[in-house]
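Enquirer: work_23.tsv (TSV, C-alpha atoms (C1' of nucleotides)) pasted underneath:
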```
chain	number	residue	atom	x	y	z
A	117	MET	CA	6.90	0.41	-10.93
A	118	ASN	CA	8.24	3.35	-12.89
A	119	ASN	CA	7.53	6.87	-11.68
A	120	LYS	CA	8.54	10.48	-12.15
A	121	VAL	CA	9.30	11.26	-8.53
A	122	ARG	CA	12.98	11.98	-9.13
A	123	GLU	CA	12.14	14.06	-12.16
A	124	PHE	CA	9.66	16.20	-10.22
A	125	ARG	CA	11.84	16.34	-7.12
A	126	GLU	CA	14.77	17.74	-9.07
A	127	LYS	CA	12.48	20.15	-10.87
A	128	PHE	CA	11.42	21.38	-7.45
A	129	GLY	CA	15.05	21.58	-6.33
A	130	LEU	CA	14.70	19.27	-3.37
A	131	THR	CA	16.88	16.55	-1.88
A	132	GLN	CA	15.45	13.14	-1.02
A	133	LYS	CA	15.63	14.11	2.65
A	134	GLU	CA	13.74	17.35	2.10
A	135	LEU	CA	11.03	15.70	0.03
A	136	GLY	CA	10.66	13.04	2.70
A	137	GLU	CA	10.11	15.75	5.29
A	138	GLN	CA	7.46	17.39	3.13
A	139	VAL	CA	5.44	14.17	2.92
A	140	ASN	CA	6.43	12.72	6.30
A	141	VAL	CA	8.45	9.70	5.27
A	142	SER	CA	12.12	8.85	5.64
A	143	ARG	CA	14.68	9.69	2.96
A	144	GLN	CA	15.16	5.94	2.49
A	145	ALA	CA	11.50	5.60	1.58
A	146	ILE	CA	11.85	8.30	-1.08
A	147	ASN	CA	15.01	6.68	-2.35
A	148	ALA	CA	13.43	3.24	-2.48
A	149	ILE	CA	10.50	4.55	-4.49
A	150	GLU	CA	12.72	6.46	-6.92
A	151	THR	CA	14.92	3.43	-7.46
A	152	GLY	CA	11.94	1.10	-7.78
A	153	LYS	CA	12.65	-0.94	-4.66
A	154	PHE	CA	9.03	-0.83	-3.63
A	155	ASP	CA	5.78	0.89	-4.51
A	156	PRO	CA	4.31	3.64	-2.32
A	157	SER	CA	1.21	3.19	-0.22
A	158	ILE	CA	-1.85	4.90	-1.63
A	159	TRP	CA	-1.50	7.70	0.91
A	160	LEU	CA	2.12	8.36	0.12
A	161	ALA	CA	1.34	8.29	-3.59
A	162	TYR	CA	-1.41	10.81	-2.98
A	163	ASP	CA	0.78	13.07	-0.83
A	164	LEU	CA	3.55	13.11	-3.41
A	165	ALA	CA	1.13	13.78	-6.26
A	166	GLN	CA	-0.52	16.54	-4.25
A	167	TYR	CA	2.81	18.08	-3.39
A	168	PHE	CA	3.85	18.18	-7.04
A	169	GLY	CA	0.39	19.25	-8.11
A	170	VAL	CA	-0.32	16.37	-10.48
A	171	PRO	CA	-2.72	13.40	-10.48
A	172	ILE	CA	-1.44	10.09	-9.12
A	173	GLU	CA	-1.70	8.52	-12.57
A	174	ILE	CA	0.72	11.12	-13.95
A	175	LEU	CA	3.36	10.75	-11.24
A	176	PHE	CA	3.23	6.94	-11.21
A	177	LEU	CA	3.29	4.81	-14.32
A	178	PHE	CA	0.95	1.85	-14.06
A	179	GLU	CA	2.27	-0.27	-16.89
A	180	GLU	CA	0.95	-3.78	-17.05
A	181	GLY	CA	3.64	-6.37	-16.66
A	182	LYS	CA	5.69	-4.17	-14.34
A	183	ARG	CA	3.93	-5.29	-11.22
A	184	LYS	CA	5.91	-7.02	-8.59
B	153	MET	CA	-10.57	6.17	4.32
B	154	ASN	CA	-13.89	6.88	2.65
B	155	ASN	CA	-14.44	5.70	-0.90
B	156	LYS	CA	-17.12	5.16	-3.51
B	157	VAL	CA	-16.35	1.53	-4.31
B	158	ARG	CA	-19.71	0.23	-3.11
B	159	GLU	CA	-21.51	2.99	-4.94
B	160	PHE	CA	-19.76	2.21	-8.21
B	161	ARG	CA	-19.99	-1.54	-7.71
B	162	GLU	CA	-23.76	-1.41	-7.29
B	163	LYS	CA	-24.04	0.94	-10.23
B	164	PHE	CA	-22.21	-1.71	-12.25
B	165	GLY	CA	-24.48	-4.43	-10.85
B	166	LEU	CA	-21.74	-6.56	-9.38
B	167	THR	CA	-21.37	-8.53	-6.16
B	168	GLN	CA	-18.26	-8.15	-4.00
B	169	LYS	CA	-17.13	-11.56	-5.22
B	170	GLU	CA	-17.54	-10.61	-8.87
B	171	LEU	CA	-15.71	-7.32	-8.44
B	172	GLY	CA	-12.91	-9.15	-6.65
B	173	GLU	CA	-12.57	-11.49	-9.62
B	174	GLN	CA	-12.39	-8.54	-12.01
B	175	VAL	CA	-9.47	-7.00	-10.15
B	176	ASN	CA	-7.92	-10.23	-8.87
B	177	VAL	CA	-8.44	-9.92	-5.13
B	178	SER	CA	-10.60	-11.86	-2.68
B	179	ARG	CA	-14.16	-10.81	-1.89
B	180	GLN	CA	-12.99	-10.13	1.67
B	181	ALA	CA	-10.51	-7.58	0.37
B	182	ILE	CA	-13.32	-5.77	-1.48
B	183	ASN	CA	-15.50	-5.95	1.62
B	184	ALA	CA	-12.74	-4.64	3.87
B	185	ILE	CA	-12.14	-1.69	1.59
B	186	GLU	CA	-15.84	-0.86	1.28
B	187	THR	CA	-16.30	-1.03	5.04
B	188	GLY	CA	-13.14	0.96	5.70
B	189	LYS	CA	-11.22	-1.82	7.40
B	190	PHE	CA	-8.09	-1.02	5.46
B	191	ASP	CA	-6.91	1.04	2.53
B	192	PRO	CA	-6.09	-0.56	-0.83
B	193	SER	CA	-2.58	-0.85	-2.19
B	194	ILE	CA	-1.79	1.62	-4.95
B	195	TRP	CA	-2.16	-1.13	-7.54
B	196	LEU	CA	-5.55	-2.25	-6.31
B	197	ALA	CA	-6.70	1.37	-6.12
B	198	TYR	CA	-5.55	1.80	-9.70
B	199	ASP	CA	-7.23	-1.39	-10.92
B	200	LEU	CA	-10.54	-0.45	-9.30
B	201	ALA	CA	-10.40	3.08	-10.67
B	202	GLN	CA	-9.53	1.75	-14.12
B	203	TYR	CA	-12.34	-0.77	-13.99
B	204	PHE	CA	-14.87	1.91	-13.12
B	205	GLY	CA	-13.33	4.34	-15.55
B	206	VAL	CA	-12.54	7.12	-13.09
B	207	PRO	CA	-9.36	8.64	-11.62
B	208	ILE	CA	-8.10	7.28	-8.31
B	209	GLU	CA	-8.81	10.61	-6.63
B	210	ILE	CA	-12.49	10.33	-7.58
B	211	LEU	CA	-12.98	6.77	-6.34
B	212	PHE	CA	-11.07	7.29	-3.09
B	213	LEU	CA	-11.58	10.26	-0.81
B	214	PHE	CA	-8.32	11.51	0.63
B	215	GLU	CA	-9.64	13.64	3.45
B	216	GLU	CA	-7.07	14.87	5.88
B	217	GLY	CA	-7.65	13.58	9.38
B	218	LYS	CA	-9.12	10.31	8.15
B	219	ARG	CA	-5.82	8.56	7.90
B	220	LYS	CA	-5.23	5.55	10.02
C	42	DA	C1'	-38.62	-25.96	5.68
C	43	DC	C1'	-34.66	-26.04	2.98
C	44	DT	C1'	-31.23	-24.18	0.16
C	45	DT	C1'	-28.64	-20.66	-2.16
C	46	DC	C1'	-26.61	-16.27	-2.37
C	47	DA	C1'	-24.64	-11.84	-0.68
C	48	DT	C1'	-22.58	-9.92	2.99
C	49	DG	C1'	-19.98	-9.26	7.49
C	50	DT	C1'	-16.45	-10.75	10.27
C	51	DA	C1'	-12.75	-13.34	12.68
C	52	DA	C1'	-8.38	-16.17	13.03
C	53	DG	C1'	-3.92	-17.18	11.38
C	54	DG	C1'	-0.31	-16.58	7.98
C	55	DC	C1'	2.62	-14.15	4.49
C	56	DT	C1'	4.84	-10.28	2.26
C	57	DA	C1'	5.32	-5.45	1.17
C	58	DA	C1'	5.73	-0.87	2.93
C	59	DC	C1'	7.44	1.61	6.02
C	60	DC	C1'	10.90	2.75	10.18
C	61	DT	C1'	15.85	3.64	12.51
C	62	DG	C1'	20.70	3.19	12.46
C	63	DA	C1'	24.69	2.41	10.10
C	64	DC	C1'	28.27	2.31	6.57
C	65	DA	C1'	30.22	3.48	1.87
C	66	DC	C1'	31.07	6.40	-1.95
C	67	DG	C1'	31.57	10.64	-4.84
C	68	DT	C1'	31.39	15.58	-5.20
C	69	DG	C1'	32.36	20.15	-3.89
C	70	DG	C1'	33.78	23.81	-0.79
C	71	DA	C1'	36.90	25.80	2.87
D	284	DT	C1'	43.32	17.79	3.07
D	285	DC	C1'	39.29	17.60	5.46
D	286	DC	C1'	34.52	17.91	6.04
D	287	DA	C1'	29.73	18.24	4.79
D	288	DC	C1'	26.27	16.78	1.83
D	289	DG	C1'	23.56	13.80	-1.29
D	290	DT	C1'	22.80	9.39	-2.51
D	291	DG	C1'	22.77	4.16	-2.39
D	292	DT	C1'	22.21	0.24	0.28
D	293	DC	C1'	21.92	-3.19	4.06
D	294	DA	C1'	20.25	-5.22	8.57
D	295	DG	C1'	16.63	-5.73	11.69
D	296	DG	C1'	12.03	-4.51	13.34
D	297	DT	C1'	6.95	-3.16	13.01
D	298	DT	C1'	2.58	-2.72	10.77
D	299	DA	C1'	-0.72	-2.81	7.02
D	300	DG	C1'	-2.54	-5.08	2.95
D	301	DC	C1'	-3.51	-8.96	1.28
D	302	DC	C1'	-4.55	-14.34	1.46
D	303	DT	C1'	-7.47	-18.82	2.85
D	304	DT	C1'	-10.70	-20.98	5.76
D	305	DA	C1'	-14.51	-20.73	8.39
D	306	DC	C1'	-18.79	-19.38	10.65
D	307	DA	C1'	-23.07	-16.41	11.07
D	308	DT	C1'	-26.87	-13.73	9.35
D	309	DG	C1'	-30.68	-12.17	6.33
D	310	DA	C1'	-33.10	-12.18	1.93
D	311	DA	C1'	-35.08	-14.64	-1.67
D	312	DG	C1'	-36.47	-18.57	-4.25
D	313	DT	C1'	-38.38	-23.65	-4.47
```
As structure tokens, what does this structure read like?

Expert:
Amino acid sequence: MNNKVREFREKFGLTQKELGEQVNVSRQAINAIETGKFDPSIWLAYDLAQYFGVPIEILFLFEEGKRK
Amino acid sequence: MNNKVREFREKFGLTQKELGEQVNVSRQAINAIETGKFDPSIWLAYDLAQYFGVPIEILFLFEEGKRK
DNA sequence: ACTTCATGTAAGGCTAACCTGACACGTGGA
DNA sequence: TCCACGTGTCAGGTTAGCCTTACATGAAGT
């Protein structure tokens, strides 16, 4: 699933580790989401969207055919 | 996690089984979400919100302290 | 009374979404 | 040169989000 996490994270001037601390997940979890290794849980998606101040549907791109 | 799935489902005049077929999950999955047994994946949350025509944040209530 | 339907729930199984710890690499500063 | 940092990735483990099958209940229709 494509998303704009890296884009927003860099705009906010944070490292993967720092963003992980803000939303209470490991830096590997942030990395895995940015690199498309797996999709976030609904809570993590919400926390990230809240942190960046955008709706979930803006931060994460739900394009049909890109499901795993 | 509280949500308005049952509310919207009944407004749309569907059974749990029928809603499950619309979003490609079992009726037990719909039931479990309505009764708060577990939270949906981000994709299922998206599909349900899309089906009902509302944002994810409207269909699902992300209240702090109600995490599992 | 019998059946059908909608719902609730439980058991058992599978995979995805996390975790920690570790190692590798490139960049930049002292 | 050496070290710290940021990132990528892998191995191994746990838990949550599904699945199918099955059984029980209540409401409603015949």

Enquirer: What residues in chain D lie within 9 Å of chain B, counting all atoms listed in the file, written as a PDB file with C-alpha atoms (C1' of nucleotides), in the coordinates of the input?

Expert:
```
ATOM      1  C1'  DA D 299      -0.720  -2.810   7.020  1.00  0.00           C
ATOM      2  C1'  DG D 300      -2.540  -5.080   2.950  1.00  0.00           C
ATOM      3  C1'  DC D 301      -3.510  -8.960   1.280  1.00  0.00           C
ATOM      4  C1'  DC D 302      -4.550 -14.340   1.460  1.00  0.00           C
TER       5       DC D 302
END
```

Enquirer: Taking all atoms listed in the file into account, what are the residues of chain C at most 12 Å from chain B, put as a list in words?

Expert: DC46, DA47, DT48, DG49, DT50, DA51, DA57 and DA58 of chain C

Enquirer: Write out chain A, as a tab-separated table (two decimals) with C-alpha atoms, in the frame of the given file, after superposing it onto chain B by least squares using every C-alpha atom paired in order.

Expert:
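Writing done, so here's result_18.tsv:
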```tsv
chain	number	residue	atom	x	y	z
A	117	MET	CA	-10.56	6.17	4.30
A	118	ASN	CA	-13.88	6.86	2.63
A	119	ASN	CA	-14.45	5.69	-0.93
A	120	LYS	CA	-17.13	5.15	-3.53
A	121	VAL	CA	-16.36	1.54	-4.31
A	122	ARG	CA	-19.71	0.23	-3.12
A	123	GLU	CA	-21.51	3.00	-4.94
A	124	PHE	CA	-19.76	2.20	-8.23
A	125	ARG	CA	-19.98	-1.55	-7.71
A	126	GLU	CA	-23.75	-1.41	-7.29
A	127	LYS	CA	-24.04	0.92	-10.25
A	128	PHE	CA	-22.22	-1.72	-12.26
A	129	GLY	CA	-24.48	-4.43	-10.85
A	130	LEU	CA	-21.72	-6.55	-9.38
A	131	THR	CA	-21.35	-8.53	-6.17
A	132	GLN	CA	-18.26	-8.16	-3.99
A	133	LYS	CA	-17.12	-11.57	-5.22
A	134	GLU	CA	-17.52	-10.62	-8.87
A	135	LEU	CA	-15.70	-7.32	-8.45
A	136	GLY	CA	-12.90	-9.13	-6.65
A	137	GLU	CA	-12.55	-11.48	-9.60
A	138	GLN	CA	-12.38	-8.55	-12.01
A	139	VAL	CA	-9.46	-7.00	-10.14
A	140	ASN	CA	-7.91	-10.23	-8.84
A	141	VAL	CA	-8.46	-9.89	-5.12
A	142	SER	CA	-10.61	-11.84	-2.68
A	143	ARG	CA	-14.17	-10.82	-1.86
A	144	GLN	CA	-12.98	-10.15	1.70
A	145	ALA	CA	-10.53	-7.58	0.37
A	146	ILE	CA	-13.32	-5.78	-1.47
A	147	ASN	CA	-15.50	-5.95	1.60
A	148	ALA	CA	-12.76	-4.65	3.86
A	149	ILE	CA	-12.16	-1.68	1.59
A	150	GLU	CA	-15.86	-0.86	1.29
A	151	THR	CA	-16.31	-1.04	5.04
A	152	GLY	CA	-13.14	0.95	5.69
A	153	LYS	CA	-11.23	-1.84	7.41
A	154	PHE	CA	-8.11	-1.04	5.46
A	155	ASP	CA	-6.92	1.04	2.53
A	156	PRO	CA	-6.10	-0.53	-0.84
A	157	SER	CA	-2.59	-0.84	-2.19
A	158	ILE	CA	-1.80	1.61	-4.95
A	159	TRP	CA	-2.18	-1.13	-7.54
A	160	LEU	CA	-5.56	-2.24	-6.30
A	161	ALA	CA	-6.70	1.37	-6.13
A	162	TYR	CA	-5.56	1.81	-9.71
A	163	ASP	CA	-7.25	-1.39	-10.92
A	164	LEU	CA	-10.54	-0.45	-9.31
A	165	ALA	CA	-10.41	3.09	-10.67
A	166	GLN	CA	-9.54	1.76	-14.12
A	167	TYR	CA	-12.34	-0.76	-13.99
A	168	PHE	CA	-14.88	1.92	-13.12
A	169	GLY	CA	-13.33	4.34	-15.55
A	170	VAL	CA	-12.56	7.12	-13.08
A	171	PRO	CA	-9.36	8.64	-11.63
A	172	ILE	CA	-8.10	7.28	-8.32
A	173	GLU	CA	-8.80	10.61	-6.63
A	174	ILE	CA	-12.48	10.33	-7.57
A	175	LEU	CA	-12.98	6.77	-6.34
A	176	PHE	CA	-11.07	7.30	-3.09
A	177	LEU	CA	-11.57	10.26	-0.81
A	178	PHE	CA	-8.31	11.52	0.63
A	179	GLU	CA	-9.62	13.64	3.46
A	180	GLU	CA	-7.05	14.86	5.91
A	181	GLY	CA	-7.64	13.58	9.39
A	182	LYS	CA	-9.11	10.31	8.15
A	183	ARG	CA	-5.79	8.56	7.90
A	184	LYS	CA	-5.20	5.56	10.01
```

Enquirer: Counting all atoms listed in the file, which of B:Met153, B:Ile194, B:Lys189, B:Glu159 gets nearest to chain A?

Expert: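 So, comparing all the options, the nearest one is B:Ile194.
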
Enquirer: Of the candidates B:Lys218, B:Trp195, B:Leu211, B:Asn155, which one gets nearest to chain A if we count only C-alpha atoms?

Expert: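 Checking each candidate against chain A, we get B:Trp195 as the closest.
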
Enquirer: Between atom CA of A:Val121 and atom CA of A:Val139, what is the spacing in Å?

Expert: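 Spanning atom CA of A:Val139 to atom CA of A:Val121 is a straight-line distance of 12.4 Å.
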
Enquirer: Find the distance between atom CA of A:Leu160 and atom CA of A:Phe176 and write it in Å to one decimal.

Expert: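 Pair atom CA of A:Leu160 / atom CA of A:Phe176 returns 11.5 Å.
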
Enquirer: Would you mind telling me which residue in D:DT290, D:DT304, D:DT297, D:DT284 lies nearest to C:DG53 when using only C-alpha atoms (C1' of nucleotides)?

Expert: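 Closest residue, counting only C-alpha atoms (C1' of nucleotides): D:DT304.
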
Enquirer: What is the distance, in Å and to one decimal place, between atom CA of A:Ile149 and atom CA of B:Gly205?

Expert: 26.3 Å

Enquirer: Between A:Glu134, A:Arg122, A:Gly181, A:Pro171, which has the minimum distance to chain B (counting all atoms listed in the file)?

Expert: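 Comparing A:Glu134, A:Arg122, A:Gly181, A:Pro171 against chain B, the winner is A:Pro171.
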
Enquirer: Which one of A:Asn140, A:Lys127, A:Arg183, A:Glu150 sits closest to chain B if you count all atoms listed in the file?

Expert: A:Arg183

Enquirer: So which one's closest to C:DG69, D:DC288, D:DC306, D:DT313, D:DG295? Using all atoms listed in the file, please.

Expert: D:DC288
